$ cat structure.cif   # mmCIF, C-alpha atoms
data_structure
#
loop_
_atom_site.label_atom_id
_atom_site.label_comp_id
_atom_site.auth_asym_id
_atom_site.auth_seq_id
_atom_site.Cartn_x
_atom_site.Cartn_y
_atom_site.Cartn_z
CA MET A 141 91.48 115.50 106.86
CA LYS A 142 91.74 117.07 103.40
CA PHE A 143 94.19 116.44 100.57
CA GLU A 144 94.44 118.19 97.22
CA TYR A 145 96.25 117.16 94.03
CA ASN A 146 96.52 118.76 90.59
CA VAL A 147 96.34 116.53 87.53
CA GLU A 148 97.55 117.52 84.05
CA GLY A 149 95.75 116.25 80.95
CA GLY A 150 97.96 114.04 78.79
CA ASP A 151 100.60 113.52 81.50
CA PHE A 152 100.60 109.71 81.49
CA LEU A 153 103.94 109.50 83.25
CA ASN A 154 102.39 110.90 86.43
CA ALA A 155 98.90 109.46 86.01
CA GLY A 156 98.22 107.66 89.26
CA ASN A 157 100.40 109.84 91.51
CA ALA A 158 97.40 111.19 93.41
CA SER A 159 95.83 107.74 93.73
CA GLY A 160 99.12 106.26 94.95
CA ASN A 161 99.49 109.00 97.56
CA ILE A 162 95.93 108.68 98.80
CA LYS A 163 96.41 104.90 99.03
CA LYS A 164 99.44 105.44 101.31
CA VAL A 165 97.44 107.83 103.53
CA LEU A 166 94.50 105.40 103.82
CA LYS A 167 96.87 102.54 104.66
CA LYS A 168 98.45 104.61 107.45
CA LEU A 169 94.97 105.37 108.78
CA ASN A 170 94.27 101.60 108.88
CA VAL A 171 91.20 101.91 106.67
CA ASP A 172 89.53 98.51 106.13
CA THR A 173 91.36 96.74 103.26
CA GLY A 174 88.14 96.03 101.33
CA VAL A 175 87.15 99.71 101.37
CA LEU A 176 90.73 100.75 100.62
CA LYS A 177 90.79 98.58 97.48
CA ARG A 178 87.47 100.02 96.28
CA VAL A 179 88.69 103.59 96.86
CA VAL A 180 92.00 103.15 95.01
CA VAL A 181 90.46 101.33 92.02
CA ALA A 182 87.70 103.93 91.56
CA LEU A 183 90.07 106.84 92.16
CA TYR A 184 92.77 105.54 89.83
CA GLU A 185 90.26 104.96 87.01
CA ALA A 186 88.89 108.48 87.56
CA GLU A 187 92.38 110.03 87.68
CA VAL A 188 93.28 108.25 84.42
CA ASN A 189 90.04 109.66 82.93
CA ILE A 190 91.23 113.22 83.68
CA VAL A 191 94.64 112.52 82.10
CA ALA A 192 93.01 110.79 79.13
CA HIS A 193 90.19 113.22 78.37
CA ALA A 194 90.56 116.58 80.14
CA TYR A 195 93.00 119.50 79.94
CA ARG A 196 93.61 119.65 83.68
CA GLY A 197 91.85 118.81 86.91
CA LYS A 198 91.92 118.88 90.66
CA ILE A 199 91.38 115.97 93.03
CA THR A 200 90.20 116.69 96.57
CA ALA A 201 89.96 113.88 99.10
CA ASP A 202 88.08 114.47 102.33
CA ILE A 203 88.61 111.71 104.86
CA SER A 204 86.56 111.52 108.04
CA PRO A 205 85.99 108.59 110.44
CA LYS A 206 82.57 107.93 108.87
CA ARG A 207 83.21 108.42 105.17
CA ILE A 208 85.62 109.23 102.39
CA GLU A 209 84.53 111.72 99.77
CA ILE A 210 86.65 112.35 96.69
CA VAL A 211 85.89 115.10 94.18
CA LEU A 212 87.55 115.05 90.75
CA ASP A 213 86.85 118.39 89.08
CA ASP A 214 88.22 118.87 85.58
CA GLU A 215 88.39 121.47 82.83
CA GLY A 216 87.75 119.53 79.66
CA PRO A 217 85.34 118.59 76.90
CA GLY A 218 82.61 117.34 79.26
CA ILE A 219 80.49 114.24 78.58
CA PRO A 220 77.79 114.78 75.93
CA ASP A 221 75.84 111.60 76.77
CA ILE A 222 76.32 110.22 80.28
CA GLY A 223 74.13 107.17 79.58
CA LEU A 224 76.39 106.19 76.70
CA ALA A 225 79.56 106.85 78.72
CA MET A 226 78.26 104.54 81.47
CA GLN A 227 77.83 101.69 78.99
CA GLN A 228 80.54 99.07 79.24
CA GLY A 229 82.62 99.05 76.06
CA TYR A 230 81.74 102.58 74.89
CA SER A 231 84.86 104.72 74.61
CA THR A 232 86.06 107.94 73.00
CA ALA A 233 89.68 107.34 74.07
CA SER A 234 92.58 108.15 71.75
CA THR A 235 95.15 105.67 70.45
CA LYS A 236 97.61 107.10 73.00
CA VAL A 237 95.23 106.24 75.85
CA ARG A 238 94.79 102.70 74.50
CA GLU A 239 98.57 102.29 74.30
CA MET A 240 98.65 103.02 78.03
CA GLY A 241 96.41 100.01 78.73
CA PHE A 242 93.14 101.91 79.09
CA GLY A 243 90.38 103.17 76.80
CA ALA A 244 88.30 100.01 76.55
CA GLY A 245 85.16 101.69 77.85
CA MET A 246 85.41 100.22 81.32
CA GLY A 247 86.34 103.27 83.40
CA LEU A 248 83.02 104.76 84.51
CA PRO A 249 81.27 101.36 84.94
CA ASN A 250 84.23 100.16 87.03
CA ILE A 251 84.15 103.35 89.13
CA LYS A 252 80.42 102.90 89.74
CA ALA A 253 80.92 99.28 90.78
CA ASN A 254 83.39 100.32 93.49
CA VAL A 255 81.72 103.33 95.13
CA ASP A 256 78.87 103.60 97.62
CA ASP A 257 77.67 106.72 95.84
CA MET A 258 78.68 108.56 92.67
CA LYS A 259 77.53 111.88 91.25
CA ILE A 260 78.46 113.19 87.78
CA GLU A 261 77.99 116.85 86.89
CA THR A 262 79.13 117.70 83.39
CA GLU A 263 78.88 120.54 80.90
CA VAL A 264 79.96 120.07 77.30
CA GLY A 265 82.88 122.36 76.49
CA LYS A 266 83.54 123.17 80.17
CA GLY A 267 84.32 120.06 82.15
CA THR A 268 83.19 117.32 84.46
CA LYS A 269 82.89 117.05 88.23
CA LEU A 270 82.79 113.55 89.64
CA THR A 271 81.99 113.02 93.32
CA LEU A 272 82.77 109.60 94.77
CA SER A 273 81.65 108.58 98.26
CA PHE A 274 82.61 105.61 100.39
CA ASN A 275 81.09 104.71 103.77
CA LEU A 276 83.43 103.63 106.52
CA GLU A 277 80.73 102.44 108.93
CA MET B 74 105.71 79.32 94.32
CA LYS B 75 108.50 81.79 95.09
CA ILE B 76 109.23 84.65 92.66
CA SER B 77 112.79 83.33 92.31
CA GLU B 78 111.41 79.90 91.23
CA ILE B 79 109.15 81.62 88.67
CA ALA B 80 112.14 83.47 87.21
CA THR B 81 114.13 80.22 87.01
CA LEU B 82 111.27 78.31 85.34
CA LEU B 83 110.92 81.03 82.71
CA ASN B 84 114.67 81.52 82.33
CA ALA B 85 113.84 85.18 82.93
CA LYS B 86 115.65 88.08 84.55
CA ILE B 87 114.58 89.92 87.69
CA VAL B 88 115.44 93.54 86.86
CA CYS B 89 114.01 95.18 89.98
CA GLY B 90 113.15 94.06 93.50
CA GLU B 91 115.49 91.05 93.64
CA GLU B 92 115.42 91.43 97.45
CA PHE B 93 111.74 90.40 97.41
CA SER B 94 112.27 87.25 95.32
CA ASP B 95 111.36 85.02 98.30
CA ARG B 96 107.76 86.21 98.17
CA GLU B 97 105.24 83.40 97.73
CA ILE B 98 102.92 83.74 94.72
CA GLU B 99 99.71 81.72 94.50
CA LYS B 100 97.88 83.22 91.56
CA ALA B 101 98.54 84.80 88.19
CA PHE B 102 96.58 86.97 85.80
CA ALA B 103 97.54 87.88 82.24
CA SER B 104 96.33 91.02 80.47
CA ASP B 105 97.53 94.01 78.47
CA LEU B 106 94.38 95.91 79.42
CA MET B 107 94.84 97.61 82.77
CA SER B 108 91.10 98.23 83.16
CA ASP B 109 90.66 94.44 83.17
CA VAL B 110 93.37 94.10 85.81
CA LEU B 111 91.54 96.71 87.91
CA THR B 112 88.39 94.55 87.92
CA THR B 113 90.28 91.44 89.07
CA PRO B 114 91.42 91.23 92.70
CA PHE B 115 94.49 89.01 93.05
CA ASP B 116 96.37 90.31 96.08
CA ASN B 117 99.95 89.08 96.25
CA GLY B 118 99.61 87.53 92.81
CA ILE B 119 101.69 88.03 89.69
CA LEU B 120 100.70 90.04 86.61
CA ILE B 121 101.82 88.80 83.18
CA THR B 122 101.65 91.60 80.63
CA GLY B 123 103.17 92.94 77.44
CA LEU B 124 102.41 96.50 78.53
CA ALA B 125 105.79 98.08 79.27
CA ASN B 126 104.90 101.52 80.61
CA PRO B 127 104.44 103.07 84.06
CA GLN B 128 100.72 102.28 84.05
CA SER B 129 101.35 98.54 84.43
CA ILE B 130 103.41 99.26 87.58
CA ARG B 131 100.81 101.73 88.89
CA THR B 132 98.00 99.28 88.28
CA ALA B 133 99.91 96.49 90.01
CA ASP B 134 100.43 98.81 93.00
CA MET B 135 96.73 99.72 93.18
CA MET B 136 95.84 96.01 93.19
CA ASP B 137 98.59 94.99 95.69
CA VAL B 138 100.13 92.68 93.10
CA SER B 139 103.57 91.44 94.19
CA ALA B 140 105.33 91.11 90.86
CA ILE B 141 105.02 91.91 87.17
CA ILE B 142 106.33 89.74 84.33
CA LEU B 143 107.01 91.73 81.16
CA ALA B 144 106.43 89.31 78.29
CA ARG B 145 107.42 89.39 74.59
CA LYS B 146 110.96 90.74 75.11
CA LYS B 147 109.60 94.00 76.56
CA LYS B 148 112.06 95.99 78.66
CA ALA B 149 111.32 97.96 81.81
CA THR B 150 111.92 101.70 81.35
CA GLU B 151 113.77 103.81 83.93
CA GLU B 152 110.46 105.35 84.99
CA MET B 153 108.98 101.89 85.53
CA ILE B 154 111.95 100.75 87.62
CA SER B 155 111.94 103.85 89.80
CA LEU B 156 108.17 103.54 90.37
CA ALA B 157 108.53 99.83 91.18
CA GLN B 158 111.32 100.63 93.67
CA GLU B 159 109.05 103.16 95.40
CA ASN B 160 106.33 100.50 95.69
CA ASP B 161 108.54 97.52 96.62
CA ALA B 162 107.44 95.75 93.44
CA VAL B 163 109.35 93.10 91.49
CA ILE B 164 109.78 93.34 87.70
CA ILE B 165 110.77 90.29 85.67
CA GLU B 166 111.71 90.58 81.99
CA CYS B 167 110.95 87.50 79.90
CA PRO B 168 111.45 86.97 76.16
CA LEU B 169 108.54 84.49 75.88
CA SER B 170 104.98 85.28 74.77
CA VAL B 171 102.16 85.72 77.29
CA TYR B 172 100.70 82.37 76.16
CA HIS B 173 104.01 80.56 76.61
CA ILE B 174 104.66 82.08 80.06
CA SER B 175 101.11 81.28 81.18
CA GLY B 176 101.44 77.67 79.97
CA ILE B 177 104.68 77.08 81.87
CA LEU B 178 103.41 78.61 85.11
CA TYR B 179 100.02 76.86 84.89
CA THR B 180 101.58 73.43 84.41
CA HIS B 181 103.83 74.07 87.41
CA GLY B 182 100.84 74.70 89.67
CA LEU B 183 100.31 78.47 89.68
CA SER B 184 96.53 78.99 89.86
CA PRO B 185 94.47 81.28 87.64
CA VAL B 186 92.46 84.01 89.38
CA TYR B 187 89.29 82.53 87.83
#
$ encode --input "structure.cif" --output "structure tokens"
Amino acid sequence: MKFEYNVEGGDFLNAGNASGNIKKVLKKLNVDTGVLKRVVVALYEAEVNIVAHAYRGKITADISPKRIEIVLDDEGPGIPDIGLAMQQGYSTASTKVREMGFGAGMGLPNIKANVDDMKIETEVGKGTKLTLSFNLE
Amino acid sequence: MKISEIATLLNAKIVCGEEFSDREIEKAFASDLMSDVLTTPFDNGILITGLANPQSIRTADMMDVSAIILARKKKATEEMISLAQENDAVIIECPLSVYHISGILYTHGLSPVY
């Protein structure tokens, strides 16, 4: 089962639409509540990251009985130093992002804490592709 | 504690989701930083925040939080109310500070998350 959503950079009004929709789908599919919570927290943080840092992006969720794989592929500035970005408290977020209740340097560490597997592919000046995997068995 | 009792204790106004005011709340968490809320599971709890924008409603939905108290005289925007209606969430507007709200609810037996 595949779902696709487009995300616009800077559109804070709709930030979380994709995560909210995927949450509804997973609830209908009776996905274990513990896994469901991990998926929505990681996905929402990652969706907010696209809105906060990128120009635009696409979220693809692939749900099978054994696993959930979510790819967040954005066109944006990329991450120059992934090690630094993974450090809790490090942030390059704008004032606008902070006003929205984010930008404290907790996004990527919080995503990592909630997934079974995470892959970051990034190119400075082009964008970032984040692949999040969750096991259902 | 029921949401309606919380609103009475705080002399606050339920501006959305009045029909869910019988929900029982056991725990509360106070933060303006949504990333902190996202690291703190408190299903069916109440979020006390001064952050009056759609992200507080979204975050509450992601965490299955039953109700949101907007502190410091903050008002819910139309976007927040429509999002809360979609998610069956309750919004309470309260003129008191986060500290004051937390103190009242704590002394009346509402537990902290940790």
$ closest_residue --input "structure.cif" --among "B:Ile142, B:Ile119, B:Met135, B:Leu124" --to "Ile162 (chain A)" --atoms "only C-alpha atoms"
B:Met135
$ interface_residues --input "structure.cif" --of "chain B" --to "chain A" --cutoff "7 Å" --atoms "all atoms listed in the file" --output "ChimeraX atom specification"
/B:105-108,111,124,126-128,131,135
$ atom_distance --input "structure.cif" --atom1 "CA of Asp221 (chain A)" --atom2 "CA of Leu272 (chain A)"
19.4 Å
$ residues_around --input "structure.cif" --residues "region 88-95 of chain B" --least-positions-apart "3" --cutoff "8 Å" --atoms "only C-alpha atoms" --output "PyMOL selection string"
chain B and resi 75-77+149+154+157-158+161-166
$ residues_around --input "structure.cif" --residues "Glu99 (chain B)" --least-positions-apart "2" --cutoff "10 Å" --atoms "all atoms listed in the file" --output "number ranges by chain"
B: 74-75, 96-97, 101, 115-119, 182-186
$ decode --input "structure.cif" --residues "region 241-252 of chain A" --atoms "all heavy atoms" --output "compact mmCIF listing (two decimals), in the first residue's frame"
# COMPACT_ATOMS: atom_id res chain seq x y z
N GLY A 241 7.37 26.56 17.53
CA GLY A 241 7.54 25.57 18.59
C GLY A 241 8.56 24.49 18.26
O GLY A 241 8.61 23.47 18.93
N PHE A 242 9.38 24.77 17.22
CA PHE A 242 10.42 23.81 16.84
C PHE A 242 11.77 24.53 16.78
O PHE A 242 11.88 25.65 17.24
CB PHE A 242 10.07 23.17 15.48
CG PHE A 242 8.89 22.26 15.57
CD1 PHE A 242 7.61 22.73 15.34
CD2 PHE A 242 9.05 20.94 15.94
CE1 PHE A 242 6.51 21.91 15.45
CE2 PHE A 242 7.95 20.10 16.06
CZ PHE A 242 6.68 20.57 15.81
N GLY A 243 12.78 23.87 16.23
CA GLY A 243 14.06 24.54 16.03
C GLY A 243 14.96 24.54 17.24
O GLY A 243 15.80 25.41 17.39
N ALA A 244 14.78 23.55 18.12
CA ALA A 244 15.65 23.48 19.31
C ALA A 244 16.74 22.43 19.13
O ALA A 244 17.41 22.05 20.09
CB ALA A 244 14.81 23.18 20.55
N GLY A 245 16.89 21.94 17.90
CA GLY A 245 17.93 20.95 17.66
C GLY A 245 17.59 19.57 18.20
O GLY A 245 18.45 18.83 18.66
N MET A 246 16.31 19.24 18.14
CA MET A 246 15.89 17.94 18.67
C MET A 246 15.31 17.04 17.59
O MET A 246 15.02 15.87 17.86
CB MET A 246 14.84 18.15 19.76
CG MET A 246 15.39 18.87 20.98
SD MET A 246 14.10 19.30 22.13
CE MET A 246 13.63 17.69 22.76
N GLY A 247 15.11 17.58 16.38
CA GLY A 247 14.41 16.84 15.33
C GLY A 247 15.06 15.53 14.94
O GLY A 247 14.49 14.45 15.16
N LEU A 248 16.28 15.60 14.37
CA LEU A 248 16.93 14.37 13.90
C LEU A 248 17.20 13.38 15.04
O LEU A 248 16.92 12.18 14.87
CB LEU A 248 18.21 14.71 13.13
CG LEU A 248 18.00 15.12 11.66
CD1 LEU A 248 19.32 15.58 11.04
CD2 LEU A 248 17.43 13.98 10.82
N PRO A 249 17.70 13.84 16.22
CA PRO A 249 17.87 12.86 17.31
C PRO A 249 16.55 12.19 17.72
O PRO A 249 16.52 11.00 18.00
CB PRO A 249 18.42 13.72 18.47
CG PRO A 249 19.05 14.91 17.82
CD PRO A 249 18.26 15.16 16.57
N ASN A 250 15.47 12.97 17.70
CA ASN A 250 14.16 12.40 18.08
C ASN A 250 13.67 11.42 17.01
O ASN A 250 13.06 10.40 17.33
CB ASN A 250 13.15 13.52 18.31
CG ASN A 250 11.93 13.05 19.11
OD1 ASN A 250 11.98 12.00 19.76
ND2 ASN A 250 10.85 13.80 19.04
N ILE A 251 13.94 11.73 15.74
CA ILE A 251 13.57 10.81 14.65
C ILE A 251 14.33 9.49 14.86
O ILE A 251 13.75 8.41 14.86
CB ILE A 251 13.89 11.42 13.27
CG1 ILE A 251 13.00 12.64 13.00
CG2 ILE A 251 13.73 10.36 12.17
CD1 ILE A 251 13.42 13.46 11.79
N LYS A 252 15.63 9.60 15.08
CA LYS A 252 16.48 8.41 15.23
C LYS A 252 16.01 7.54 16.40
O LYS A 252 16.02 6.30 16.31
CB LYS A 252 17.94 8.85 15.44
CG LYS A 252 18.92 7.71 15.50
CD LYS A 252 20.16 8.03 14.70
CE LYS A 252 21.02 6.85 14.30
NZ LYS A 252 21.14 5.76 15.16
